[in-house]
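Student: Handing you a structure now.
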Amino acid sequence: MSASRYDAIIIGGGHNGLVTAAYLARAGKEVLVLEKRHVLGGAAVTEEINPGFKYSVCSYVVSLLRPEIIRDLELPKHGLQILPLESTFTPLPNGDYLARWADHDHTRREIYRHSPRDADAYDDFGKLMYQLAVAVKPILAMVPPDPTSMSPKDLMGFLKLGKHFHNLGHEQFHALYKLMTMSAADYLGEWFETEALKATMSASGIIGTFLGPRSPGTAYVLLHHYLGEIDGAMRAWGFAKGGTGSISEAIASAARSHGAEIQTGAGVVRVIVKNGKATGIVLDDGREYTASIVVSALDPKRTFLELVDEEYLPRDFVSDIKRFKIRGSSGKVNLSLSELPDFTCKPGVNQLHKGAISISPSIDYLERAYDEAKYGGFSSRPYMDIIIPSMIDPGMAPPGKHVMSIFVQYAPSDLRGGWDETKREVFGDAVIDTLAQYAPNLPGAILHRQVLTPWDIDRDMGLTSGNIFHGELTLHQLFCMRPAVGYSDYTTPLRNYYQAGSGTHPAGGITGASGRLAALRILADAPR
C-alpha cells in the first residue's frame with residue numbers, strides 16, 4: 001500500500017507491536033508498522049554483530065509467548081521453532097554444582113544428593129506452583145477492569161475476578177497471598193534448606209527488577225516466570241531456532257501475510273493530535289502519515305512524555321506516568337568463543353552446556369550484588385543467567401565455534417557518575433572475571449564481545465532506562481495499575497490513541513499478550 005492514510009499505525013516494531021499489527025491486519029484493517037531501527041524485534045532481535053556469529057542481542061530465551069498467539073497467527077508456518085532447554089546448571093565455589101533437568105526424576109535425584117529433605121519438598125513445591133500458575137494464567141488473557149469506574153463492564157470484570165479467586169482452595173489462596181507479599185528468599189526459605197537451590201530459584205524473582213532476593217514482592221515475580229509453557233508443558237523454557245529475532249520475524253511474516261506494511265528505519269518523533277484525538281504521526285525525516293487509530297508499542301514514558309505534548313494530557317495522568325518506576329537493573333554480554341567454557345566442577349563437554357547456566361551460588365551472593373547496585377555501583381560479582389545458543393542451534397556460530405549469551409544483574413541505569421564507554425568495559429570485565437572463577441579457560445577463548453549496559457539498551461533499543469519489562473514488576477504497577485489507574489485497558493486519555501507495549505498488563509517477557517489484548521480492545525471499540 002503506497003497511500004499515506006491507514007486504518008492503524010503501530011509505533012514500534014517490537015514483538016508486541018508486531019502482534020497488534022498481525023491481529024488488526026487479520027481482521028481486515030490497513031496497517032502500517034513503523035520501526036526506528038534497521039531491524040525488527042525491539043529487544044527480541046538477532047544480529048550478526050561479529051561476522052559468522054549470531055547474537056540474541058537482548059532477550060535470549062522464550063517460554064511466556066502465549067499459545068493462543070502461536071495458534072491464531074500460525075507462527076510455526078512462518079518459521080517459528082522452539083528448541084527446549086533441558087537443564088539449569090549452577091556451579092558452586094566449593095567445586096560442586098547443582099543441576100535441575102527437564103526430567104523430574106533426574107532433578108529429584110540431583111537435589112537428593114544435596115538434601116533428601118529438599119528432594120521431597122521439591123515435589124510438593126512444584127505441585128503447588130503448578131496449581132497457582134494454572135489459577136493465575138487466565139488473568140494473562142484478561143483486560144484489567146478500572147477500579148475507579150462504576151460502568152457495568154468494569155463491575156462485571158471485578159465480579160468475574162472475585163469469583164475466580166473465590167474458587168481457589170484455602171491452601172492455594174493462602175499461598176498466592178504469600179507470593180504476592182513476601183520476598184522470594186523468605187518464601188523459598190519456608191520450603192528448602194539447600195542454599196544453591198534457594199538462590200537459583202529466587203533468581204527468577206529478581207530478573208529485570210531493581211530488587212534483591214530479600215525484597216518483598218519478589219516472590220510474585222518468581223510466579224510470573226512460572227507461567228510459561230512450551231507445547232503445553234508448564235514451566236518449560238526454550239530457545240528459538242535462529243535466536244529471539246526469529247520470533248519477531250515469524251510474527252512480522254504473519255502480519256505481512258494479512259497485508260500489513262512494515263517499515264524499518266522509520267523513527268516516529270510525534271503523534272499528531274487534533275481536538276483531543278490522535279490523527280497520525282510525524283517521522284524523524286518530516287514525513288507524515290494519518291490513520292484512524294494510532295498505537296504505541298513503546299514504554300509508557302516514551303508513549304506519553306515524548307511522543308505527545310503534555311498539554312494534551314490530564315495533569316494527574318502525566319504525574320502518574322512520571323512516577324511510573326522504570327529503572328533499569330540489568331545488562332547483557334554476548335561472546336564469540338573459540339571453545340566452550342570448561343567448568344572446573346564439571347570438566348569437559350557435557351549435556352549441561354545445552355541448558356541454562358546460573359551464577360547464583362547463594363542468597364547472600366545475590367543480595368550483595370544488589371547492595372552494590374542499591375548504592376549506585378554495578379555488581380562486581382553479579383548474578384548471571386547464561387545460555388550457549390550454538391550448543392542448541394549450531395547455525396548460531398561457525399563450525400567448531402560458539403556464542404555465549406549472558407544476562408547480567410545488577411547494572412543500575414542511574415549508575416553513580418553515569419555510564420560511559422570506559423565504565424561499560426569495566427562492567428564487561430567484571431562479568432568475565434566472575435565467570436573465570438568457574439571456567440578458567442573462558443577469557444582466553446573470547447574472540448569478540450558485545451557489552452550492553454542500560455545506557456546502551458536505552459539508546460540503541462529504545463527501552464527507557466534500559467528496563468527490559470517497560471516498567472518494574474512491583475505490586476503497585478501490576479494489573480489495573482499498569483501503567484496508571486483508569487488506563488490499564490490499553491486506551492489512553494486521547495481518543496484513537498492506544499498503548500500495546502509491555503508497560504501494560506500482563507507486563508514483560510516475550511509474551512505478546514499486551515499486543516494481542518490491545519488489538520482485541522481496538523477491534524471491540526468503535527473509532528472514538
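By convention in this document, the chains of the C-alpha cells carry letters A, B, ... by their order, each chain's residues are numbered from 1, and ligands are numbered from 1 in the order they are shown.
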For Val57 in chain A, find every residue with an atom within 12 Å (counting only C-alpha atoms), except residues of its own chain fewer than 4 positions away, and show them as a PyMOL selection string.

Tutor: chain A and resi 39+41-50+53+61+242-245+331-335+389+403-407+449-453+456-457+460-461

Student: Where does range 431-497 of chain A meet range 166-180 of chain A within 12 Å, residue by residue, with the nearest atom pair and distance in Å to one decimal for each, counting only C-alpha atoms, listed by chain and rising number, as a tab-separated table?

Tutor:
```
residue	atom	partner	partner_atom	distance
A:Leu473	CA	A:Met180	CA	11.3
A:Thr474	CA	A:Met180	CA	9.6
A:Leu475	CA	A:Met180	CA	7.5
A:His476	CA	A:Met180	CA	11.1
A:Leu478	CA	A:Met180	CA	11.0
```

Student: Contacts between range 510-524 of chain A and range 217-336 of chain A, please, where a residue of range 217-336 of chain A counts if it comes within 10 Å (with only C-alpha atoms); show its shortest atom pair and distance in Å to one decimal, rows by chain and ascending number, as a Markdown table.

Tutor:
```
| residue | atom | partner | partner_atom | distance |
| --- | --- | --- | --- | --- |
| A:Gly228 | CA | A:Thr511 | CA | 8.8 |
| A:Thr244 | CA | A:Ile510 | CA | 8.9 |
| A:Ile247 | CA | A:Ile510 | CA | 8.9 |
| A:Ser248 | CA | A:Ile510 | CA | 9.6 |
| A:Ile251 | CA | A:Gly512 | CA | 9.6 |
| A:Ile293 | CA | A:Ile522 | CA | 8.3 |
| A:Val295 | CA | A:Ala518 | CA | 8.7 |
| A:Ser296 | CA | A:Gly515 | CA | 10.0 |
| A:Ala297 | CA | A:Gly515 | CA | 7.7 |
```

Student: Just to be explicit: take each residue in the selection above, keep C-alpha atoms, and write the result as a PDB file, in the first residue's frame.

Tutor:
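After the write, selection-v2.pdb holds the following:
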```
ATOM      1  CA  GLY A 228       5.474 -20.012  30.860  1.00  0.00           C
ATOM      2  CA  THR A 244      14.869 -14.461  19.525  1.00  0.00           C
ATOM      3  CA  ILE A 247      10.198 -14.914  16.910  1.00  0.00           C
ATOM      4  CA  SER A 248       9.798 -11.313  15.789  1.00  0.00           C
ATOM      5  CA  ILE A 251       5.177 -12.543  13.783  1.00  0.00           C
ATOM      6  CA  ILE A 293      -6.056   4.622  15.025  1.00  0.00           C
ATOM      7  CA  VAL A 295      -0.980   2.567  18.637  1.00  0.00           C
ATOM      8  CA  SER A 296       2.242   2.945  20.598  1.00  0.00           C
ATOM      9  CA  ALA A 297       4.099  -0.253  21.478  1.00  0.00           C
TER      10      ALA A 297
END
```

Student: Per residue of range 250-357 of chain A within 9 Å of range 206-220 of chain A, note the shortest atom pair and the distance in Å to one decimal, counting only C-alpha atoms, and order the rows by chain and increasing residue number, as JSON lines.

Tutor:
```
{"residue": "A:Arg327", "atom": "CA", "partner": "A:Phe210", "partner_atom": "CA", "distance": 6.9}
{"residue": "A:Gly328", "atom": "CA", "partner": "A:Phe210", "partner_atom": "CA", "distance": 7.1}
{"residue": "A:Ser329", "atom": "CA", "partner": "A:Phe210", "partner_atom": "CA", "distance": 5.4}
{"residue": "A:Ser330", "atom": "CA", "partner": "A:Gly208", "partner_atom": "CA", "distance": 6.3}
```

Student: Selected residues, N, CA, C and O atoms, written as a compact mmCIF listing (two decimals), in the first residue's frame, please.

Tutor:
```txt
# COMPACT_ATOMS: atom_id res chain seq x y z
N ARG A 327 13.18 1.96 36.27
CA ARG A 327 14.64 1.89 36.40
C ARG A 327 15.17 0.59 35.79
O ARG A 327 14.64 -0.49 36.02
N GLY A 328 16.23 0.71 35.02
CA GLY A 328 16.89 -0.47 34.50
C GLY A 328 17.80 -1.08 35.55
O GLY A 328 18.38 -0.37 36.38
N SER A 329 17.93 -2.40 35.53
CA SER A 329 18.75 -3.06 36.54
C SER A 329 19.69 -4.10 35.96
O SER A 329 20.43 -4.74 36.71
N SER A 330 19.65 -4.28 34.64
CA SER A 330 20.41 -5.40 34.07
C SER A 330 21.15 -4.98 32.81
O SER A 330 20.82 -3.99 32.16
```

Student: Which residue is closest to Lys325 in chain A? Choose from A:Lys274, A:Lys301, A:Gly267, A:His224 and count only C-alpha atoms.

Tutor: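 Of the candidates, the smallest distance to Lys325 in chain A is held by A:Lys301.
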
Student: When you count only C-alpha atoms, which of these residues is closest to Arg108 in chain A: A:Asp120, A:Asp309, A:Asp414, A:Asp299?

Tutor: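 Checking each of A:Asp120, A:Asp309, A:Asp414, A:Asp299 against Arg108 in chain A, counting only C-alpha atoms, the winner is A:Asp120.
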
Student: Would you kindly return, as an MDAnalysis selection string, each protein, DNA or RNA residue with an atom no farther than 12 Å from any atom of Arg315 in chain A, considering only C-alpha atoms and excluding same-chain residues fewer than 6 positions away?

Tutor: chainID A and resid 304:305 309 321:322 493

Student: Restrict the selected residues to all heavy atoms and save them as a PDB file, in the first residue's frame.

Tutor:
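File written: out-v1.pdb
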```pdb
ATOM      1  N   PHE A 304       3.906   8.583  26.277  1.00  0.00           N
ATOM      2  CA  PHE A 304       3.156   9.766  26.725  1.00  0.00           C
ATOM      3  C   PHE A 304       4.001  11.011  26.964  1.00  0.00           C
ATOM      4  O   PHE A 304       3.499  12.124  26.819  1.00  0.00           O
ATOM      5  CB  PHE A 304       2.400   9.421  28.015  1.00  0.00           C
ATOM      6  CG  PHE A 304       1.390   8.322  27.845  1.00  0.00           C
ATOM      7  CD1 PHE A 304       1.587   7.084  28.420  1.00  0.00           C
ATOM      8  CD2 PHE A 304       0.258   8.526  27.077  1.00  0.00           C
ATOM      9  CE1 PHE A 304       0.661   6.062  28.259  1.00  0.00           C
ATOM     10  CE2 PHE A 304      -0.676   7.514  26.895  1.00  0.00           C
ATOM     11  CZ  PHE A 304      -0.479   6.279  27.491  1.00  0.00           C
ATOM     12  N   LEU A 305       5.265  10.858  27.302  1.00  0.00           N
ATOM     13  CA  LEU A 305       6.073  12.026  27.641  1.00  0.00           C
ATOM     14  C   LEU A 305       6.967  12.487  26.508  1.00  0.00           C
ATOM     15  O   LEU A 305       7.484  13.609  26.554  1.00  0.00           O
ATOM     16  CB  LEU A 305       6.929  11.721  28.881  1.00  0.00           C
ATOM     17  CG  LEU A 305       6.159  11.268  30.129  1.00  0.00           C
ATOM     18  CD1 LEU A 305       7.117  11.046  31.294  1.00  0.00           C
ATOM     19  CD2 LEU A 305       5.079  12.268  30.502  1.00  0.00           C
ATOM     20  N   ASP A 309       2.622  15.978  23.343  1.00  0.00           N
ATOM     21  CA  ASP A 309       2.819  17.157  24.173  1.00  0.00           C
ATOM     22  C   ASP A 309       1.959  17.034  25.431  1.00  0.00           C
ATOM     23  O   ASP A 309       0.793  16.631  25.366  1.00  0.00           O
ATOM     24  CB  ASP A 309       2.411  18.427  23.410  1.00  0.00           C
ATOM     25  CG  ASP A 309       3.387  18.766  22.292  1.00  0.00           C
ATOM     26  OD1 ASP A 309       4.558  18.345  22.390  1.00  0.00           O
ATOM     27  OD2 ASP A 309       2.978  19.432  21.320  1.00  0.00           O
ATOM     28  N   ILE A 321       2.362   8.991  35.135  1.00  0.00           N
ATOM     29  CA  ILE A 321       3.352   8.422  34.214  1.00  0.00           C
ATOM     30  C   ILE A 321       4.761   8.836  34.632  1.00  0.00           C
ATOM     31  O   ILE A 321       5.701   8.032  34.556  1.00  0.00           O
ATOM     32  CB  ILE A 321       3.058   8.849  32.768  1.00  0.00           C
ATOM     33  CG1 ILE A 321       1.701   8.303  32.303  1.00  0.00           C
ATOM     34  CG2 ILE A 321       4.161   8.362  31.833  1.00  0.00           C
ATOM     35  CD1 ILE A 321       1.581   6.794  32.372  1.00  0.00           C
ATOM     36  N   LYS A 322       4.915  10.048  35.105  1.00  0.00           N
ATOM     37  CA  LYS A 322       6.241  10.480  35.561  1.00  0.00           C
ATOM     38  C   LYS A 322       6.685   9.689  36.786  1.00  0.00           C
ATOM     39  O   LYS A 322       7.887   9.447  36.980  1.00  0.00           O
ATOM     40  CB  LYS A 322       6.232  11.987  35.864  1.00  0.00           C
ATOM     41  CG  LYS A 322       6.199  12.855  34.609  1.00  0.00           C
ATOM     42  CD  LYS A 322       6.238  14.335  34.957  1.00  0.00           C
ATOM     43  CE  LYS A 322       6.292  15.178  33.693  1.00  0.00           C
ATOM     44  NZ  LYS A 322       6.322  16.643  33.979  1.00  0.00           N
ATOM     45  N   PRO A 493      -5.734   8.761  27.459  1.00  0.00           N
ATOM     46  CA  PRO A 493      -6.621   9.922  27.562  1.00  0.00           C
ATOM     47  C   PRO A 493      -6.977  10.546  26.209  1.00  0.00           C
ATOM     48  O   PRO A 493      -7.923  11.338  26.128  1.00  0.00           O
ATOM     49  CB  PRO A 493      -5.819  10.912  28.422  1.00  0.00           C
ATOM     50  CG  PRO A 493      -4.885  10.057  29.212  1.00  0.00           C
ATOM     51  CD  PRO A 493      -4.521   8.936  28.283  1.00  0.00           C
TER      52      PRO A 493
END
```

Student: Go through A:Leu307, A:Leu340, A:Ala397, A:Val143 one by one, measure the shortest atom-to-atom distance of each to Arg482 in chain A using only C-alpha atoms, and give the residue with the smallest value.

Tutor: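 So, comparing all the options, the nearest one is A:Val143.
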
Student: Can you pull out every residue from range 348-497 of chain A that DSSP, working from the backbone, puts in alpha helix (DSSP H), and format the result as a compact mmCIF listing (two decimals) with C-alpha atoms, in the first residue's frame?

Tutor:
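Saved to part-v2.txt:
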```
# COMPACT_ATOMS: atom_id res chain seq x y z
CA ILE A 363 21.14 -15.86 48.62
CA ASP A 364 23.90 -13.80 50.22
CA TYR A 365 25.76 -13.69 46.90
CA LEU A 366 22.68 -12.28 45.13
CA GLU A 367 21.91 -9.83 47.93
CA ARG A 368 25.48 -8.50 47.91
CA ALA A 369 25.20 -7.97 44.16
CA TYR A 370 22.02 -5.99 44.82
CA ASP A 371 23.66 -3.98 47.62
CA GLU A 372 26.31 -2.66 45.26
CA ALA A 373 23.66 -1.50 42.79
CA LYS A 374 21.46 -0.08 45.54
CA PRO A 389 22.87 -20.89 21.80
CA SER A 390 25.30 -22.65 19.43
CA MET A 391 25.00 -25.83 21.51
CA ILE A 392 21.25 -25.80 20.92
CA GLU A 421 32.38 3.62 27.25
CA THR A 422 35.03 3.12 29.91
CA LYS A 423 32.57 2.01 32.60
CA ARG A 424 30.89 -0.26 30.07
CA GLU A 425 34.16 -2.11 29.51
CA VAL A 426 34.91 -2.32 33.23
CA PHE A 427 31.44 -3.81 33.70
CA GLY A 428 32.20 -6.35 30.96
CA ASP A 429 35.49 -7.20 32.65
CA ALA A 430 33.67 -7.89 35.94
CA VAL A 431 31.43 -10.37 34.12
CA ILE A 432 34.36 -12.22 32.55
CA ASP A 433 36.40 -12.18 35.78
CA THR A 434 33.49 -13.69 37.70
CA LEU A 435 32.92 -16.42 35.13
CA ALA A 436 36.65 -17.21 35.06
CA LEU A 442 36.94 -18.62 29.24
CA PRO A 443 38.99 -15.39 29.00
CA GLY A 444 41.41 -17.00 26.53
CA ALA A 445 38.56 -18.34 24.39
CA PRO A 454 21.14 0.07 30.46
CA TRP A 455 22.59 3.17 28.80
CA ASP A 456 23.16 1.21 25.58
```

Student: Enter the distance from CA of Gln263 in chain A to CA of Gly462 in chain A, in Å, rounded to one decimal.

Tutor: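 It comes out at 16.4 Å.
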
Student: Could you tell me how far CA of His38 in chain A sits from CA of Asp284 in chain A, in Å to one decimal place?

Tutor: 14.1 Å

Student: Which polymer residues have any atom within 8 Å of an atom of range 74-80 of chain A, counting only C-alpha atoms, with same-chain residues fewer than 3 positions away left out, as a PyMOL selection string?

Tutor: chain A and resi 69-71+240-241+246-247+250-251+253-254

Student: List the neighbours of Met201 in chain A out to 12 Å using only C-alpha atoms; skip same-chain residues closer than 5 positions along the sequence, and give me the result as a ChimeraX atom specification.

Tutor: /A:88-90,98-100,122,125-126,184-189,191-192,194-196,206-207,213,218-219,221-223,225-226,358-363,366,385

Student: As a ChimeraX atom specification, please: every residue in range 167-352 of chain A that a backbone DSSP assignment puts in strand (DSSP E).

Tutor: /A:229-230,233-234,238-240,261-263,268-274,277-283,288-296,330-337
